[in-house]
>>> print(open('entry_12.txt').read())   # compact mmCIF, C-alpha atoms
# COMPACT_ATOMS: atom_id res chain seq x y z
CA MET A 242 89.31 -40.71 25.71
CA LEU A 243 93.07 -40.85 25.28
CA GLU A 244 92.82 -39.13 21.90
CA LEU A 245 90.64 -36.38 23.38
CA GLY A 246 93.06 -35.82 26.25
CA ALA A 247 90.39 -36.64 28.83
CA THR A 248 91.38 -37.18 32.44
CA ILE A 249 91.60 -40.90 33.24
CA ILE A 250 91.78 -42.18 36.81
CA PRO A 251 92.34 -45.95 36.89
CA ILE A 252 90.99 -47.86 39.90
CA PHE A 253 92.63 -51.23 40.42
CA TYR A 254 89.94 -53.16 42.29
CA HIS A 255 91.08 -56.64 43.36
CA VAL A 256 93.73 -56.55 40.65
CA THR A 257 97.25 -55.13 40.60
CA PRO A 258 98.62 -52.73 37.99
CA GLY A 259 101.23 -55.32 37.11
CA GLU A 260 98.52 -57.79 36.09
CA LEU A 261 97.03 -55.25 33.70
CA LYS A 262 100.16 -54.17 31.90
CA ARG A 263 101.21 -55.46 28.53
CA THR A 264 104.09 -57.90 28.67
CA GLN A 265 106.28 -59.38 25.96
CA ALA A 266 104.73 -62.74 26.62
CA ARG A 267 101.26 -61.13 26.28
CA ASP A 268 100.20 -62.73 29.54
CA GLY A 269 98.71 -59.64 31.13
CA VAL A 270 95.00 -59.68 31.98
CA TYR A 271 94.16 -57.10 29.29
CA ALA A 272 96.18 -59.00 26.71
CA ARG A 273 94.53 -62.32 27.54
CA LEU A 274 90.98 -60.99 27.48
CA LEU A 275 91.40 -59.06 24.26
CA SER A 276 93.11 -61.99 22.61
CA ILE A 277 90.03 -64.05 23.47
CA LEU A 278 87.83 -61.51 21.71
CA GLN A 279 90.08 -61.52 18.67
CA CYS A 280 89.80 -65.28 18.50
CA ILE A 281 86.13 -64.85 17.69
CA PHE A 282 87.02 -63.36 14.35
CA LEU A 283 89.92 -65.72 13.70
CA CYS A 284 87.63 -68.68 14.30
CA ALA A 285 90.06 -70.13 16.80
CA ARG A 286 88.74 -73.43 18.02
CA ASP A 287 89.93 -75.68 20.74
CA GLU A 288 87.47 -78.43 21.37
CA SER A 289 88.52 -78.71 25.01
CA GLY A 290 88.31 -75.91 27.57
CA GLY A 291 85.69 -73.40 28.62
CA TYR A 292 87.11 -70.53 26.57
CA ALA A 293 86.60 -72.46 23.32
CA ARG A 294 82.98 -73.22 24.12
CA ALA A 295 82.33 -69.57 25.02
CA LEU A 296 84.01 -68.41 21.83
CA ARG A 297 81.92 -70.68 19.65
CA MET A 298 78.80 -69.17 21.17
CA LEU A 299 80.06 -65.63 20.62
CA GLU A 300 81.10 -66.35 17.04
CA LYS A 301 77.48 -66.68 16.08
CA LYS A 302 76.78 -63.02 16.88
CA PRO A 303 80.03 -61.03 16.73
CA ARG A 304 79.45 -57.43 17.87
CA HIS A 305 82.80 -55.83 17.02
CA ASP A 306 85.30 -56.30 14.22
CA SER A 307 88.97 -57.09 14.66
CA ASP A 308 90.09 -53.48 14.02
CA THR A 309 87.86 -52.21 16.85
CA ILE A 310 89.28 -54.74 19.27
CA LYS A 311 92.81 -53.80 18.21
CA LYS A 312 92.03 -50.14 19.06
CA TRP A 313 90.72 -51.23 22.43
CA LYS A 314 93.86 -53.20 23.05
CA ASN A 315 96.14 -50.27 22.22
CA ALA A 316 94.08 -47.92 24.39
CA LEU A 317 93.99 -50.30 27.34
CA PHE A 318 97.69 -50.97 27.12
CA SER A 319 98.26 -47.20 27.36
CA VAL A 320 95.81 -46.74 30.23
CA ALA A 321 97.44 -49.57 32.17
CA GLU A 322 100.57 -47.44 32.42
CA ILE A 323 98.72 -44.53 34.08
CA SER A 324 99.10 -44.11 37.82
CA GLY A 325 95.86 -44.78 39.65
CA PHE A 326 94.39 -46.15 42.87
CA GLU A 327 94.98 -49.71 44.05
CA LEU A 328 92.70 -51.34 46.60
CA ASN A 329 95.49 -53.50 48.00
CA ALA A 330 97.52 -50.36 48.74
CA CYS A 331 94.73 -48.91 50.91
CA ASN A 332 95.52 -50.30 54.32
CA GLY A 333 95.50 -53.87 53.02
CA GLY A 334 92.23 -53.60 51.10
CA ASP A 335 90.19 -50.96 52.96
CA GLU A 336 87.41 -50.11 50.49
CA GLY A 337 86.33 -47.07 52.51
CA GLN A 338 89.80 -45.57 52.29
CA LEU A 339 89.87 -46.29 48.55
CA VAL A 340 86.57 -44.46 48.08
CA ASP A 341 87.79 -41.47 50.11
CA GLU A 342 90.99 -41.22 48.05
CA VAL A 343 89.15 -41.51 44.74
CA VAL A 344 86.56 -38.91 45.78
CA GLN A 345 89.33 -36.51 46.79
CA LYS A 346 91.04 -36.98 43.43
CA VAL A 347 87.83 -36.53 41.45
CA LEU A 348 86.93 -33.39 43.36
CA GLN A 349 90.37 -31.98 42.60
CA GLU A 350 89.91 -32.73 38.90
CA VAL A 351 86.26 -31.68 38.58
CA ARG A 352 85.86 -28.45 40.46
CA ARG A 353 83.40 -25.63 40.14
CA PRO A 354 84.89 -22.61 38.39
CA PRO A 355 86.93 -20.34 40.67
CA LEU A 356 85.17 -17.39 42.24
CA ASP A 357 85.66 -14.08 40.47
CA VAL A 358 87.97 -12.12 42.75
CA ALA A 359 88.78 -8.66 41.44
CA LYS A 360 89.40 -6.91 38.13
CA TYR A 361 92.50 -5.30 39.58
CA PRO A 362 93.92 -7.32 42.53
CA THR A 363 96.18 -4.48 43.64
CA GLY A 364 97.53 -5.01 47.15
CA LEU A 365 95.62 -8.26 47.52
CA ALA A 366 98.62 -10.51 48.07
CA GLU A 367 99.66 -8.75 51.29
CA ASN A 368 96.33 -9.37 52.99
CA VAL A 369 96.10 -12.97 51.76
CA LYS A 370 99.57 -13.58 53.19
CA GLY A 371 98.46 -12.08 56.52
CA LEU A 372 95.42 -14.36 56.57
CA ASP A 373 97.58 -17.39 55.74
CA ASP A 374 99.79 -16.62 58.72
CA VAL A 375 96.80 -16.44 61.07
CA ILE A 376 95.42 -19.73 59.73
CA ALA A 377 98.79 -21.46 60.11
CA ALA A 378 98.93 -20.47 63.78
CA ALA A 379 95.25 -21.24 64.52
CA LYS A 380 94.43 -23.95 67.01
CA GLY A 381 91.38 -26.12 67.42
CA GLU A 382 89.70 -28.91 65.53
CA PRO A 383 88.25 -27.78 63.25
CA ARG A 384 90.12 -24.50 62.90
CA ILE A 385 87.91 -21.41 63.00
CA VAL A 386 89.40 -18.14 61.81
CA ALA A 387 87.97 -14.77 60.89
CA ILE A 388 88.64 -11.61 58.92
CA VAL A 389 87.49 -8.32 60.39
CA GLY A 390 87.48 -4.79 58.96
CA PRO A 391 85.23 -1.92 57.89
CA GLY A 392 82.87 -2.22 54.95
CA GLY A 393 84.55 -1.92 51.56
CA ILE A 394 88.05 -2.72 52.85
CA GLY A 395 88.16 -5.97 50.85
CA LYS A 396 87.29 -8.76 53.32
CA THR A 397 85.20 -10.69 50.79
CA THR A 398 87.82 -10.24 48.09
CA VAL A 399 90.54 -11.68 50.34
CA ALA A 400 88.24 -14.54 51.39
CA LYS A 401 87.49 -15.40 47.74
CA GLU A 402 91.16 -15.33 46.78
CA PHE A 403 92.03 -17.62 49.70
CA PHE A 404 89.08 -19.90 48.94
CA ASN A 405 90.11 -20.35 45.29
CA GLY A 406 93.59 -21.41 46.30
CA ALA A 407 92.76 -23.59 49.30
CA ARG A 408 89.64 -25.49 48.27
CA VAL A 409 91.55 -28.17 46.32
CA THR A 410 92.89 -29.53 49.60
CA TYR A 411 89.39 -30.26 50.95
CA ASN A 412 86.81 -32.86 49.97
CA GLN A 413 83.96 -30.34 50.05
CA ASN A 414 83.72 -26.57 50.09
CA CYS A 415 81.06 -23.95 50.62
CA PHE A 416 81.11 -20.15 50.29
CA LEU A 417 78.01 -18.45 51.72
CA PHE A 418 77.91 -14.86 50.48
CA ASP A 419 76.31 -11.88 52.18
CA VAL A 420 75.05 -13.78 55.22
CA ARG A 421 73.62 -10.69 56.92
CA SER A 422 71.05 -10.06 54.16
CA LYS A 423 69.66 -13.60 53.76
CA SER A 424 67.32 -15.79 55.77
CA LEU A 425 69.04 -18.28 58.02
CA ASP A 426 67.02 -21.30 56.92
CA SER A 427 67.87 -20.64 53.26
CA LEU A 428 71.55 -20.35 54.20
CA GLN A 429 71.35 -23.65 56.07
CA SER A 430 69.88 -25.31 52.98
CA SER A 431 72.61 -23.81 50.78
CA LEU A 432 75.27 -25.01 53.20
CA LEU A 433 74.04 -28.60 53.10
CA GLU A 434 73.65 -28.58 49.32
CA ASP A 435 77.16 -27.21 48.76
CA LEU A 436 78.55 -29.93 51.04
CA GLY A 437 76.86 -32.64 48.99
CA ILE A 438 73.59 -33.10 50.90
CA SER A 439 70.69 -32.34 48.56
CA ASN A 440 66.88 -32.47 48.84
CA VAL A 441 66.80 -31.59 52.53
CA GLN A 442 63.70 -29.61 53.49
CA ILE A 443 64.25 -27.03 56.25
CA LYS A 444 61.20 -25.29 57.68
CA ASN A 445 62.87 -23.19 60.37
CA VAL A 446 66.27 -22.40 61.86
CA ASP A 447 66.06 -24.88 64.75
CA GLU A 448 65.18 -27.69 62.36
CA GLY A 449 68.07 -26.56 60.17
CA LYS A 450 70.52 -26.93 63.06
CA SER A 451 69.31 -30.47 63.75
CA LYS A 452 69.51 -31.48 60.10
CA ILE A 453 73.02 -30.07 59.72
CA LYS A 454 74.13 -32.23 62.65
CA MET A 455 72.17 -35.18 61.28
CA HIS A 456 73.50 -35.12 57.71
CA LEU A 457 77.06 -33.88 58.14
CA SER A 458 79.71 -36.05 59.73
CA SER A 459 83.43 -36.44 60.31
CA THR A 460 83.77 -37.66 56.71
CA HIS A 461 83.09 -34.12 55.53
CA HIS A 462 86.59 -32.63 55.27
CA ALA A 463 85.39 -29.17 54.32
CA LEU A 464 86.33 -25.55 53.74
CA VAL A 465 83.41 -23.32 54.75
CA VAL A 466 83.29 -19.54 54.37
CA LEU A 467 80.59 -17.47 56.09
CA ASP A 468 80.82 -14.04 54.50
CA ASP A 469 79.63 -10.75 56.02
CA VAL A 470 78.27 -11.96 59.35
CA ASP A 471 76.86 -9.21 61.57
CA HIS A 472 74.97 -11.02 64.34
CA ILE A 473 75.70 -13.85 66.73
CA ASP A 474 72.44 -15.58 65.72
CA GLN A 475 73.95 -16.21 62.29
CA LEU A 476 76.91 -18.01 63.80
CA ASP A 477 74.61 -19.90 66.14
CA ALA A 478 72.65 -21.17 63.12
CA LEU A 479 75.57 -21.89 60.79
CA LEU A 480 78.90 -22.10 62.61
CA PHE A 481 78.13 -24.04 65.79
CA PRO A 482 76.15 -26.93 64.20
CA VAL A 483 78.85 -27.42 61.54
CA LYS A 484 81.91 -27.27 63.78
CA ASP A 485 80.51 -29.93 66.10
CA VAL A 486 80.27 -32.63 63.42
CA ILE A 487 82.62 -32.08 60.46
CA HIS A 488 86.11 -33.49 60.03
CA PRO A 489 88.57 -32.11 62.63
CA LYS A 490 90.97 -30.96 59.90
CA SER A 491 88.30 -28.78 58.30
CA LEU A 492 88.52 -24.98 58.20
CA ILE A 493 85.76 -22.44 58.79
CA LEU A 494 86.42 -18.82 57.77
CA VAL A 495 84.14 -15.98 58.87
CA THR A 496 84.22 -12.38 57.64
CA SER A 497 82.62 -9.56 59.62
CA ARG A 498 82.71 -5.83 60.26
CA ASN A 499 82.07 -6.41 63.96
CA LYS A 500 84.85 -7.97 66.00
CA ASP A 501 82.61 -8.22 69.08
CA VAL A 502 80.30 -10.60 67.21
CA LEU A 503 83.28 -12.84 66.51
CA THR A 504 84.80 -12.85 69.99
CA SER A 505 81.45 -13.26 71.75
CA SER A 506 80.93 -16.38 69.62
CA GLY A 507 84.12 -17.90 70.97
CA ILE A 508 86.50 -17.09 68.12
CA MET A 509 89.89 -16.38 69.68
CA GLU A 510 91.59 -13.01 69.15
CA SER A 511 94.66 -14.79 67.82
CA SER A 512 92.49 -16.38 65.11
CA ILE A 513 91.14 -13.07 63.82
CA TYR A 514 92.94 -11.29 60.98
CA THR A 515 92.42 -7.52 60.87
CA MET A 516 92.40 -6.20 57.32
CA LYS A 517 95.03 -3.68 56.32
CA GLY A 518 94.16 -0.82 54.01
CA LEU A 519 96.00 -0.14 50.77
CA SER A 520 99.32 1.64 50.97
CA PRO A 521 99.52 5.11 49.32
CA GLN A 522 101.34 3.50 46.39
CA HIS A 523 98.70 0.79 45.93
CA SER A 524 95.90 3.33 46.38
CA GLN A 525 97.34 5.46 43.58
CA GLU A 526 97.91 2.42 41.39
CA LEU A 527 94.35 1.16 41.85
CA PHE A 528 92.88 4.61 41.18
CA CYS A 529 94.89 4.94 37.98
CA LEU A 530 93.89 1.46 36.79
CA HIS A 531 90.24 2.38 37.11
CA ALA A 532 90.63 5.92 35.77
CA PHE A 533 93.18 5.41 32.98
CA GLY A 534 93.39 1.65 32.47
CA LYS A 535 97.04 1.61 33.51
CA PRO A 536 98.80 1.68 36.90
CA TYR A 537 100.08 5.24 36.44
CA PRO A 538 98.43 8.52 35.37
CA VAL A 539 98.52 9.81 31.80
CA VAL A 540 100.74 12.84 31.22
CA ARG A 541 98.11 15.55 31.55
CA PHE A 542 96.94 14.05 34.85
CA VAL A 543 100.38 13.42 36.27
CA ASP A 544 99.60 15.71 39.22
CA THR A 545 97.10 13.09 40.34
CA ARG A 546 99.98 11.60 42.29
CA LYS A 547 99.99 14.65 44.51
CA ASN A 548 96.27 15.06 45.10
CA SER A 549 94.31 13.90 48.10
CA PHE A 550 92.51 10.89 46.59
CA ALA A 551 94.65 8.30 48.39
CA CYS A 552 94.41 10.17 51.67
CA THR A 553 90.64 10.59 51.36
CA LEU A 554 90.14 6.87 50.72
CA SER A 555 92.24 5.95 53.77
CA GLY A 556 93.44 2.77 52.12
CA SER A 557 90.00 1.56 51.08
CA PRO A 558 89.85 -0.03 47.59
CA ILE A 559 86.30 1.24 47.04
CA LEU A 560 86.15 4.07 44.50
>>> encode(input="entry_12.txt", output="structure tokens")
Amino acid sequence: MLELGATIIPIFYHVTPGELKRTQARDGVYARLLSILQCIFLCARDESGGYARALRMLEKKPRHDSDTIKKWKNALFSVAEISGFELNACNGGDEGQLVDEVVQKVLQEVRRPPLDVAKYPTGLAENVKGLDDVIAAAKGEPRIVAIVGPGGIGKTTVAKEFFNGARVTYNQNCFLFDVRSKSLDSLQSSLLEDLGISNVQIKNVDEGKSKIKMHLSSTHHALVVLDDVDHIDQLDALLFPVKDVIHPKSLILVTSRNKDVLTSSGIMESSIYTMKGLSPQHSQELFCLHAFGKPYPVVRFVDTRKNSFACTLSGSPIL
């Protein structure tokens, strides 16, 4: 694994890193155990002591040669120097805390591929920054924030860009796309599956609400995105059951064209980010990228800068 450059996460369970490291006196745990194995092939005998008796039994059927054990020793000596997780450092031996920390680390290392955001992310950073500011000021446990704006303005694109950057700080994450065009029970099933709860059968929306509350808990420190919501029933089926049970430091992000749906569901005005359209400069740049493959017009179309495309689009990135 070391030669392949694989990620290694040592877990020191009822043993300290110091006990596993190689020492000049070769009295580390790894060194002692591997030396025992090597003795099998060196026919080391000591008529007294349990090790000797065990070695004589193993000598009869040696499974690995001395070179293999030497490679193990070198590898283990290297691994023992890698920073990992120590049970004794978790609140004096709290196994639950150890598991939570290891899970968090593994999820950071083994993540699903990032969502595809946009071929040309022109003007995206400004809206992501605006959303970040709203999230930073949001109150409540868990925090519930929203993005509102007309169709095609880029709400989903901003949500995906934020999601890709923020999900590493959460144990679980879920992005439910195009909520308004899908059945609620299928969305409830997808939500549970994305948050690590599989094989849950949901026959109807009311059963889905109950099962969300049954299977999720405060251990689920999650980032949840509900994209393109257009009716309060969708939030009643997906938002309310989740927010009542998940970890208080979780974050739920909703995107919608209809601000009234958001506010009537209890999402505070101060927690709603209103999308800003592209500036004339960004509108021109995005148009040229799509039309010419570069952020400025080719010579014979240089008058494009003066035409009404940007004004007609009113800051919308849809072409």
>>> residues_around(input="entry_12.txt", residues="range 414-424 of chain A", least_positions_apart="5", cutoff="9 Å", atoms="all atoms listed in the file", output="ChimeraX atom specification")
/A:397,401,404,408-409,429,431-436,462-472,475
>>> residues_around(input="entry_12.txt", residues="Lys450 in chain A", least_positions_apart="3", cutoff="9 Å", atoms="only C-alpha atoms", output="MDAnalysis selection string")
chainID A and resid 429 445:447 453:455 477:479 481:483
>>> atom_distance(input="entry_12.txt", atom1="CA of Ser511 in chain A", atom2="CA of Leu480 in chain A")
18.1 Å
>>> atom_distance(input="entry_12.txt", atom1="CA of Gly325 in chain A", atom2="CA of Pro251 in chain A")
4.6 Å
>>> residues_around(input="entry_12.txt", residues="Ser459 in chain A", least_positions_apart="5", cutoff="10 Å", atoms="only C-alpha atoms", output="list in words")
Lys484, Asp485, Val486, Ile487, His488, Pro489, Lys490 and Ser491 of chain A
>>> atom_distance(input="entry_12.txt", atom1="CA of Leu356 in chain A", atom2="CA of Arg384 in chain A")
22.4 Å
>>> residues_around(input="entry_12.txt", residues="range 342-348 of chain A", least_positions_apart="3", cutoff="10 Å", atoms="all atoms listed in the file", output="PDB file with C-alpha atoms, keeping the file's coordinate frame")
ATOM      1  CA  THR A 248      91.380 -37.180  32.440  1.00  0.00           C
ATOM      2  CA  ILE A 250      91.780 -42.180  36.810  1.00  0.00           C
ATOM      3  CA  PRO A 251      92.340 -45.950  36.890  1.00  0.00           C
ATOM      4  CA  ILE A 252      90.990 -47.860  39.900  1.00  0.00           C
ATOM      5  CA  GLY A 325      95.860 -44.780  39.650  1.00  0.00           C
ATOM      6  CA  PHE A 326      94.390 -46.150  42.870  1.00  0.00           C
ATOM      7  CA  CYS A 331      94.730 -48.910  50.910  1.00  0.00           C
ATOM      8  CA  GLU A 336      87.410 -50.110  50.490  1.00  0.00           C
ATOM      9  CA  GLY A 337      86.330 -47.070  52.510  1.00  0.00           C
ATOM     10  CA  GLN A 338      89.800 -45.570  52.290  1.00  0.00           C
ATOM     11  CA  LEU A 339      89.870 -46.290  48.550  1.00  0.00           C
ATOM     12  CA  VAL A 351      86.260 -31.680  38.580  1.00  0.00           C
ATOM     13  CA  ARG A 352      85.860 -28.450  40.460  1.00  0.00           C
ATOM     14  CA  ARG A 353      83.400 -25.630  40.140  1.00  0.00           C
ATOM     15  CA  ARG A 408      89.640 -25.490  48.270  1.00  0.00           C
ATOM     16  CA  VAL A 409      91.550 -28.170  46.320  1.00  0.00           C
ATOM     17  CA  THR A 410      92.890 -29.530  49.600  1.00  0.00           C
ATOM     18  CA  TYR A 411      89.390 -30.260  50.950  1.00  0.00           C
ATOM     19  CA  ASN A 412      86.810 -32.860  49.970  1.00  0.00           C
ATOM     20  CA  GLN A 413      83.960 -30.340  50.050  1.00  0.00           C
ATOM     21  CA  HIS A 462      86.590 -32.630  55.270  1.00  0.00           C
TER      22      HIS A 462
END
>>> closest_residue(input="entry_12.txt", among="A:Ile388, A:Ile249, A:Pro355, A:Asp374", to="Ile323 in chain A", atoms="only C-alpha atoms")
A:Ile249
>>> residues_around(input="entry_12.txt", residues="Glu327 in chain A", least_positions_apart="5", cutoff="9 Å", atoms="all atoms listed in the file", output="PDB file with C-alpha atoms, in the coordinates of the input")
ATOM      1  CA  PRO A 251      92.340 -45.950  36.890  1.00  0.00           C
ATOM      2  CA  ILE A 252      90.990 -47.860  39.900  1.00  0.00           C
ATOM      3  CA  PHE A 253      92.630 -51.230  40.420  1.00  0.00           C
ATOM      4  CA  TYR A 254      89.940 -53.160  42.290  1.00  0.00           C
ATOM      5  CA  HIS A 255      91.080 -56.640  43.360  1.00  0.00           C
ATOM      6  CA  VAL A 256      93.730 -56.550  40.650  1.00  0.00           C
ATOM      7  CA  THR A 257      97.250 -55.130  40.600  1.00  0.00           C
ATOM      8  CA  PRO A 258      98.620 -52.730  37.990  1.00  0.00           C
ATOM      9  CA  GLY A 334      92.230 -53.600  51.100  1.00  0.00           C
ATOM     10  CA  LEU A 339      89.870 -46.290  48.550  1.00  0.00           C
TER      11      LEU A 339
END
>>> closest_residue(input="entry_12.txt", among="A:Lys312, A:Ile473, A:Asp335, A:Leu365", to="Ile394 in chain A", atoms="all atoms listed in the file")
A:Leu365
>>> closest_atom_pairs(input="entry_12.txt", of="range 341-460 of chain A", to="range 517-525 of chain A", cutoff="9 Å", atoms="only C-alpha atoms", output="tab-separated table")
residue	atom	partner	partner_atom	distance
A:Thr363	CA	A:His523	CA	6.3
A:Gly364	CA	A:His523	CA	6.0
A:Leu365	CA	A:Leu519	CA	8.8
A:Glu367	CA	A:Lys517	CA	8.5
A:Asn368	CA	A:Lys517	CA	6.7
A:Gly390	CA	A:Lys517	CA	8.1
A:Ile394	CA	A:Gly518	CA	6.5
A:Gly395	CA	A:Gly518	CA	8.5
